[in-house]
Every structure is written in C-alpha cells, then in structure tokens.
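A quick write-up on the structure given underneath.
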Amino acid sequence: MVDDDLWALIEPLLPPWPERSPEPRPVPDRLCLQGILFVLYNDIAWQLLPSELGFGSGQTCWRRLDRWQKAGVFDQLHRILLAELNAAGELDWSRACVDASHVRAKKRGADTGPSPVDRRKTGSKHHLICDGRGTPFKVITTAANVNDVTQTLALVDGIPPVAGRPGRPGRPRRRPEALLGDKGYDSNPNRRELRKRRILPVISRRGATNIEGLGKLRYVVEQTFALLHQFKRLAVRWERRTELHDAFVSLACSLICWRRLKKRRP
C-alpha cells in the first residue's frame with residue numbers, strides 16, 4: 001500500500017492525462033502504483049497480477065510504469081527524498097562507497113552478457129554508489145561481463161545534485177569527500193580524475209595488502225545491495241528493456257530513502 005505522505009510526494013510528479021481522451025477512463029494512478037509495487041516486491045509476471053486486488057490489469061500497470069519512466073518520475077522522486085534526508089542531516093558526505101552485484105537476466109535483452117560468476121549464463125550487473133551510511137545515490141545497470149572499474153567515474157558523476165541543509169545556502173551538493181572501493185576499482189587514471197573532482201580515492205591496489213580498516217567502512221554498500229535485492233524483482237532481471245528495469249531500481253532506491261526518512265520523523 002502507498003501511505004498518504006508518500007503519495008503526496010509522488011502525485012505532483014505524475015504526468016497529467018488529457019482532459020478529453022478517446023480511451024476508457026483510466027485506472028487511478030494510485031492503484032496502478034500499488035500494482036507496480038506488488039510486482040516489485042513479489043516478482044510475479046505482469047499477467048499474473050491478481051485482479052481481486054483492484055490494481056488494474058498487469059498490462060495497465062506495465063503501461064503506467066513505462067509512461068512514468070519516460071516522464072522521469074522515479075528519478076525525480078529519488079532526488080526529492082535525497083534532498084529531504086540531506087535536510088535532516090541524514091546523508092554522510094565524508095565518504096561514498098562503490099561496489100557491484102550480479103543478477104541473472106532471464107529474458108536477455110539490452111545490457112546483458114555472459115556472467116563470469118554464474119557459469120557464463122546471461123546476466124546483468126548493478127553498479128552502486130552510496131553514502132557513508134548506505135543511502136543509495138545512483139545505480140547503473142550494465143552487462144554482467146562489464147568490469148567494475150569502467151563505471152567508477154560514471155557513478156560519481158551520476159550522483160544527483162542534492163539541495164543543501166536549511167540555514168546553509170549554496171549550490172546543491174553532489175560530491176563526497178572520499179571514494180572507497182575494493183581492488184576491482186584499482187585504476188591510476190581514475191584516481192587522477194577523482195582528485196580533479198576534489199575527491200580522495202581510497203581504493204585498494206591489486207597485489208597489495210588491503211587498506212587497513214577499509215572493510216569496516218565499506219560494509220554499508222553490501223548492506224544496501226541486500227536491501228535492494230529484498231525487492232525480488234531486482235534479484236532477477238526479467239525486463240528486456242534496460243530503462244524499465246532501471247525504473248524498478250530507482251523506485252526501490254526511493255523506497256529505501258523513504259524508510260530512512262520515516263524513521264527520522266517523529
């Protein structure tokens with residue numbers, strides 16, 4: 001179910017329906033969103049969405065997901081919730097963590113490839129950057145055989161601009177002070193680019209001893225992956241179109257932010 005406070009944030013972002021439409025009266029947006037959430041949480045096929053729930057047909061919910069993705073609804077929602085967390089002092093900009101996780105892609109499609117960790121079965125990879133407390137900033141979906149290091153700068157540059165805290169005027173923030181990564185992100189050119197962005201690279205080097213204490217700081221990114229993959233639709237990829245899969249990812253990131261915000265509120 002979508003509670004009233006969350007719906008109050010989402011509803012203004014939804015594209016309006018034309019006043020005079022030749023089609024039958026559409027299913028209310030709030031019910032369709034609940035149908036989309038049902039699929040996200042339970043990972044059922046669209047055509048198996050139970051009609052007795054009153055969320056409309058699976059096809060209707062799928063079309064609404066596609067329409068909202070094209071309008072950028074889920075990315076906007078994620079940015080709004082990040083700004084709310086930042087205003088509450090709940091974002092840790094002292095460091096950001098990067099990591100990647102493989103998921104199997106059942107229907108192939110764009111951004112899929114042979115997985116090096118799953119007997120070369122077709123899969124995708126989620127590349128994640130989060131703050132020092134595990135709040136997801138950005139997720140990029142690639143083929144499973146894409147090296148982690150190739151997405152480092154894309155993740156850093158993909159952090160959305162987050163409005164500052166009340167009483168601290170200035171530009172929206174989008175750069176952490178340091179970036180933590182394992183040996184999969186070892187790259188001297190990337191280190192130079194991070195320093196140009198005034199970000200301190202704290203990345204283990206191949207063939208060298210791990211940086212002391214790095215694991216204790218990076219555990220949050222693994223924790224965030226666990227939260228993302230509790231949404232069963234993200235643990236296995238079914239969408240052939242990457243943008244629809246990414247719509248689910250952005251919605252899941254928004255829900256993680258929303259839960260943290262609700263814990264903060266009295």
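Chain labels run A, B, ... following the order of the structure tokens; each chain numbers its residues from 1, and ligands are numbered from 1 in the order shown.
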Which residues of region 100-121 of chain A come within 8 Å of region 134-143 of chain A, and what is each one's closest atom pair and distance in Å (one decimal), counting only C-alpha atoms, sorted by chain and residue number, as CSV?
```
residue,atom,partner,partner_atom,distance
A:Ala110,CA,A:Ala143,CA,8.0
A:Asp111,CA,A:Ala143,CA,4.4
A:Thr112,CA,A:Ala143,CA,4.0
A:Gly113,CA,A:Ala143,CA,4.8
A:Pro114,CA,A:Ala143,CA,7.7
```
Discussion item. Just list as a PyMOL selection string whatever in region 20-81 of chain A DSSP marks as alpha helix (DSSP H).
Written reply: chain A and resi 29-42+58-70+73-81
Item to complete: Considering only C-alpha atoms, state which residue in the set A:Val220, A:Ile80, A:Val146, A:Leu214 is at the smallest distance from Asp92 (chain A).
Response: A:Val220
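Neighbouring residues of Glu193 (chain A) at 12 Å or closer, counting only C-alpha atoms and skipping chain neighbours under 2 positions away, are A:Thr152, A:Leu153, A:Ala154, A:Val156, A:Asp157, A:Leu179, A:Ser187, A:Asn188, A:Pro189, A:Asn190, A:Arg191, A:Arg195, A:Lys196, A:Arg197, A:Arg198, A:Ile199, A:Leu200, A:Pro201.
Residue nearest Asp182 (chain A) within the list A:Cys97, A:Val162, A:Val2, A:Val103: A:Cys97 [criterion: smallest interatomic distance, only C-alpha atoms].
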